[in-house]
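With PDB, C-alpha atoms, pLDDT in the B column inside, this is query-v5.pdb:
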ATOM      1  CA  MET A   3     135.233 118.715  79.042  1.00 93.00           C
ATOM      2  CA  LEU A   4     135.507 121.966  77.078  1.00 96.00           C
ATOM      3  CA  LYS A   5     131.720 122.367  77.083  1.00 97.00           C
ATOM      4  CA  LEU A   6     131.684 121.932  80.865  1.00 97.00           C
ATOM      5  CA  ILE A   7     134.440 124.525  81.299  1.00 97.00           C
ATOM      6  CA  ASP A   8     132.524 126.939  79.074  1.00 98.00           C
ATOM      7  CA  ALA A   9     129.403 126.442  81.180  1.00 98.00           C
ATOM      8  CA  LEU A  10     131.373 127.011  84.393  1.00 98.00           C
ATOM      9  CA  ASN A  11     133.038 130.127  82.939  1.00 97.00           C
ATOM     10  CA  ASN A  12     129.596 131.600  82.243  1.00 97.00           C
ATOM     11  CA  ASP A  13     127.986 130.600  85.535  1.00 97.00           C
ATOM     12  CA  VAL A  14     127.981 133.569  87.948  1.00 96.00           C
ATOM     13  CA  ARG A  15     127.590 131.148  90.865  1.00 97.00           C
ATOM     14  CA  ILE A  16     131.027 129.656  90.136  1.00 96.00           C
ATOM     15  CA  ASP A  17     133.993 131.640  91.476  1.00 92.00           C
ATOM     16  CA  GLY A  18     136.832 129.363  90.401  1.00 94.00           C
ATOM     17  CA  ILE A  19     137.762 126.352  88.314  1.00 95.00           C
ATOM     18  CA  LEU A  20     140.476 123.878  89.234  1.00 95.00           C
ATOM     19  CA  VAL A  21     141.542 121.091  86.877  1.00 94.00           C
ATOM     20  CA  GLN A  22     143.349 118.134  88.417  1.00 95.00           C
ATOM     21  CA  LEU A  23     146.517 117.464  86.434  1.00 93.00           C
ATOM     22  CA  PRO A  24     147.822 115.391  84.786  1.00 96.00           C
ATOM     23  CA  LEU A  25     144.943 114.715  82.450  1.00 95.00           C
ATOM     24  CA  PRO A  26     144.559 111.464  80.514  1.00 96.00           C
ATOM     25  CA  LYS A  27     146.781 111.384  77.417  1.00 95.00           C
ATOM     26  CA  GLN A  28     143.821 111.657  75.012  1.00 96.00           C
ATOM     27  CA  ILE A  29     142.867 115.080  76.465  1.00 96.00           C
ATOM     28  CA  ASP A  30     144.845 118.128  75.282  1.00 96.00           C
ATOM     29  CA  GLU A  31     145.972 119.731  78.533  1.00 95.00           C
ATOM     30  CA  SER A  32     146.824 123.066  76.877  1.00 94.00           C
ATOM     31  CA  ARG A  33     143.369 123.403  75.314  1.00 96.00           C
ATOM     32  CA  VAL A  34     141.720 122.667  78.646  1.00 96.00           C
ATOM     33  CA  LEU A  35     143.843 125.178  80.587  1.00 93.00           C
ATOM     34  CA  GLU A  36     143.380 127.857  77.925  1.00 92.00           C
ATOM     35  CA  ALA A  37     139.608 127.323  77.978  1.00 96.00           C
ATOM     36  CA  ILE A  38     139.382 128.365  81.622  1.00 94.00           C
ATOM     37  CA  SER A  39     138.625 132.055  82.094  1.00 94.00           C
ATOM     38  CA  PRO A  40     141.709 133.786  83.563  1.00 90.00           C
ATOM     39  CA  ASN A  41     139.394 135.255  86.208  1.00 88.00           C
ATOM     40  CA  LYS A  42     138.312 131.773  87.341  1.00 93.00           C
ATOM     41  CA  ASP A  43     141.695 130.060  87.020  1.00 91.00           C
ATOM     42  CA  VAL A  44     142.351 128.829  90.565  1.00 87.00           C
ATOM     43  CA  ASP A  45     145.768 127.317  89.763  1.00 89.00           C
ATOM     44  CA  GLY A  46     147.002 130.281  87.735  1.00 86.00           C
ATOM     45  CA  PHE A  47     147.948 128.029  84.784  1.00 88.00           C
ATOM     46  CA  HIS A  48     146.114 130.027  82.083  1.00 90.00           C
ATOM     47  CA  PRO A  49     148.757 131.638  79.820  1.00 88.00           C
ATOM     48  CA  TYR A  50     147.449 135.125  80.722  1.00 89.00           C
ATOM     49  CA  ASN A  51     147.947 134.471  84.435  1.00 86.00           C
ATOM     50  CA  VAL A  52     151.349 132.846  83.927  1.00 87.00           C
ATOM     51  CA  GLY A  53     152.455 135.911  81.962  1.00 87.00           C
ATOM     52  CA  ARG A  54     151.286 138.282  84.691  1.00 85.00           C
ATOM     53  CA  LEU A  55     153.135 136.233  87.284  1.00 83.00           C
ATOM     54  CA  VAL A  56     156.346 136.136  85.237  1.00 87.00           C
ATOM     55  CA  THR A  57     156.271 139.909  84.732  1.00 89.00           C
ATOM     56  CA  GLY A  58     155.614 140.481  88.408  1.00 84.00           C
ATOM     57  CA  THR A  59     152.140 141.960  87.962  1.00 80.00           C
ATOM     58  CA  PRO A  60     149.610 139.552  89.455  1.00 65.00           C
ATOM     59  CA  LEU A  61     146.005 140.583  88.992  1.00 63.00           C
ATOM     60  CA  SER A  62     145.631 141.351  92.704  1.00 60.00           C
ATOM     61  CA  ALA A  63     148.258 144.097  92.336  1.00 49.00           C
ATOM     62  CA  LEU A  64     145.832 146.083  90.165  1.00 50.00           C
ATOM     63  CA  TYR A  65     143.406 146.326  93.063  1.00 52.00           C
ATOM     64  CA  ALA A  66     146.010 147.060  95.741  1.00 49.00           C
ATOM     65  CA  TYR A  67     146.793 150.474  94.258  1.00 47.00           C
ATOM     66  CA  GLY A  68     143.215 151.518  93.620  1.00 47.00           C
TER
END
How would this structure read if it were set down as structure tokens?
Amino acid sequence: MLKLIDALNNDVRIDGILVQLPLPKQIDESRVLEAISPNKDVDGFHPYNVGRLVTGTPLSALYAYG
């Protein structure tokens, strides 16, 4: 699964990645979510995106103020 996520992260044709949770118990959910590029994290579960949300600075706010 991590190899697939890496391939999707590096594929310019892919705009977003969504992982259906919960994952089977043998798969480390944290490792999977952290492997997704924050820029392609559709759910916003990557720690970087969660932190931006908690601090009130979603990525889209950077573009709103030019």
Evaluate the PyMOL selection byres ((chain A and resi 10-24) around 8) and report residues as a list of chain:residue names: A:Leu6, A:Ile7, A:Asp8, A:Ala9, A:Leu25, A:Pro26, A:Glu31, A:Leu35, A:Ile38, A:Ser39, A:Asn41, A:Lys42, A:Asp43, A:Val44, A:Asp45
Coordinates-based distance that separates CA of Glu36 (chain A) from CA of Pro49 (chain A) (Å, one decimal): 6.8 Å
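Distances here use all atoms listed in the file; by that measure, the residue among A:Phe47, A:Thr59, A:Leu4, A:Val52 closest to Val34 (chain A) is A:Leu4.
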Which residue of A:Gln28, A:Tyr50, A:Pro40, A:Arg33 approaches Lys5 (chain A) most closely, using all atoms listed in the file: A:Arg33
Please rebuild region 23-55 of chain A with N, CA and C atoms and return the result as a CSV table (one decimal), keeping the file's coordinate frame.
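File produced: part_39.csv:
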chain,number,residue,atom,x,y,z
A,23,LEU,N,145.5,117.9,87.4
A,23,LEU,CA,146.5,117.5,86.4
A,23,LEU,C,147.3,116.3,87.0
A,24,PRO,N,147.9,115.4,86.2
A,24,PRO,CA,147.8,115.4,84.8
A,24,PRO,C,146.5,114.8,84.3
A,25,LEU,N,146.2,115.2,83.1
A,25,LEU,CA,144.9,114.7,82.4
A,25,LEU,C,145.3,113.4,81.7
A,26,PRO,N,144.3,112.6,81.4
A,26,PRO,CA,144.6,111.5,80.5
A,26,PRO,C,145.2,111.9,79.2
A,27,LYS,N,146.0,111.0,78.6
A,27,LYS,CA,146.8,111.4,77.4
A,27,LYS,C,145.9,111.8,76.2
A,28,GLN,N,144.7,111.3,76.1
A,28,GLN,CA,143.8,111.7,75.0
A,28,GLN,C,143.2,113.1,75.1
A,29,ILE,N,143.4,113.7,76.3
A,29,ILE,CA,142.9,115.1,76.5
A,29,ILE,C,144.0,116.1,76.3
A,30,ASP,N,143.8,117.1,75.5
A,30,ASP,CA,144.8,118.1,75.3
A,30,ASP,C,144.9,119.1,76.5
A,31,GLU,N,145.9,118.9,77.3
A,31,GLU,CA,146.0,119.7,78.5
A,31,GLU,C,146.0,121.2,78.2
A,32,SER,N,146.7,121.6,77.2
A,32,SER,CA,146.8,123.1,76.9
A,32,SER,C,145.5,123.6,76.5
A,33,ARG,N,144.7,122.9,75.7
A,33,ARG,CA,143.4,123.4,75.3
A,33,ARG,C,142.5,123.6,76.5
A,34,VAL,N,142.6,122.6,77.4
A,34,VAL,CA,141.7,122.7,78.6
A,34,VAL,C,142.1,123.9,79.5
A,35,LEU,N,143.4,124.1,79.7
A,35,LEU,CA,143.8,125.2,80.6
A,35,LEU,C,143.5,126.5,79.9
A,36,GLU,N,143.7,126.6,78.6
A,36,GLU,CA,143.4,127.9,77.9
A,36,GLU,C,141.9,128.2,77.9
A,37,ALA,N,141.1,127.1,78.0
A,37,ALA,CA,139.6,127.3,78.0
A,37,ALA,C,139.1,127.9,79.3
A,38,ILE,N,139.8,127.8,80.3
A,38,ILE,CA,139.4,128.4,81.6
A,38,ILE,C,139.6,129.9,81.6
A,39,SER,N,138.5,130.6,82.0
A,39,SER,CA,138.6,132.1,82.1
A,39,SER,C,139.8,132.4,83.0
A,40,PRO,N,140.6,133.4,82.7
A,40,PRO,CA,141.7,133.8,83.6
A,40,PRO,C,141.2,134.2,84.9
A,41,ASN,N,140.0,134.8,84.9
A,41,ASN,CA,139.4,135.3,86.2
A,41,ASN,C,138.9,134.1,87.1
A,42,LYS,N,138.8,132.9,86.5
A,42,LYS,CA,138.3,131.8,87.3
A,42,LYS,C,139.4,130.7,87.5
A,43,ASP,N,140.6,131.0,87.0
A,43,ASP,CA,141.7,130.1,87.0
A,43,ASP,C,142.3,130.0,88.4
A,44,VAL,N,141.9,129.0,89.2
A,44,VAL,CA,142.4,128.8,90.6
A,44,VAL,C,143.9,128.5,90.6
A,45,ASP,N,144.4,127.7,89.7
A,45,ASP,CA,145.8,127.3,89.8
A,45,ASP,C,146.7,128.4,89.2
A,46,GLY,N,146.2,129.3,88.4
A,46,GLY,CA,147.0,130.3,87.7
A,46,GLY,C,147.8,129.7,86.5
A,47,PHE,N,147.3,128.7,85.9
A,47,PHE,CA,147.9,128.0,84.8
A,47,PHE,C,147.5,128.6,83.4
A,48,HIS,N,146.5,129.4,83.4
A,48,HIS,CA,146.1,130.0,82.1
A,48,HIS,C,147.3,130.9,81.6
A,49,PRO,N,147.6,130.9,80.3
A,49,PRO,CA,148.8,131.6,79.8
A,49,PRO,C,148.7,133.1,80.2
A,50,TYR,N,147.6,133.7,80.3
A,50,TYR,CA,147.4,135.1,80.7
A,50,TYR,C,148.0,135.3,82.2
A,51,ASN,N,147.5,134.4,83.0
A,51,ASN,CA,147.9,134.5,84.4
A,51,ASN,C,149.4,134.1,84.6
A,52,VAL,N,149.9,133.2,83.9
A,52,VAL,CA,151.3,132.8,83.9
A,52,VAL,C,152.2,134.1,83.5
A,53,GLY,N,151.8,134.7,82.4
A,53,GLY,CA,152.5,135.9,82.0
A,53,GLY,C,152.5,137.0,83.0
A,54,ARG,N,151.3,137.2,83.7
A,54,ARG,CA,151.3,138.3,84.7
A,54,ARG,C,152.2,137.9,85.9
A,55,LEU,N,152.3,136.7,86.2
A,55,LEU,CA,153.1,136.2,87.3
A,55,LEU,C,154.6,136.4,86.9
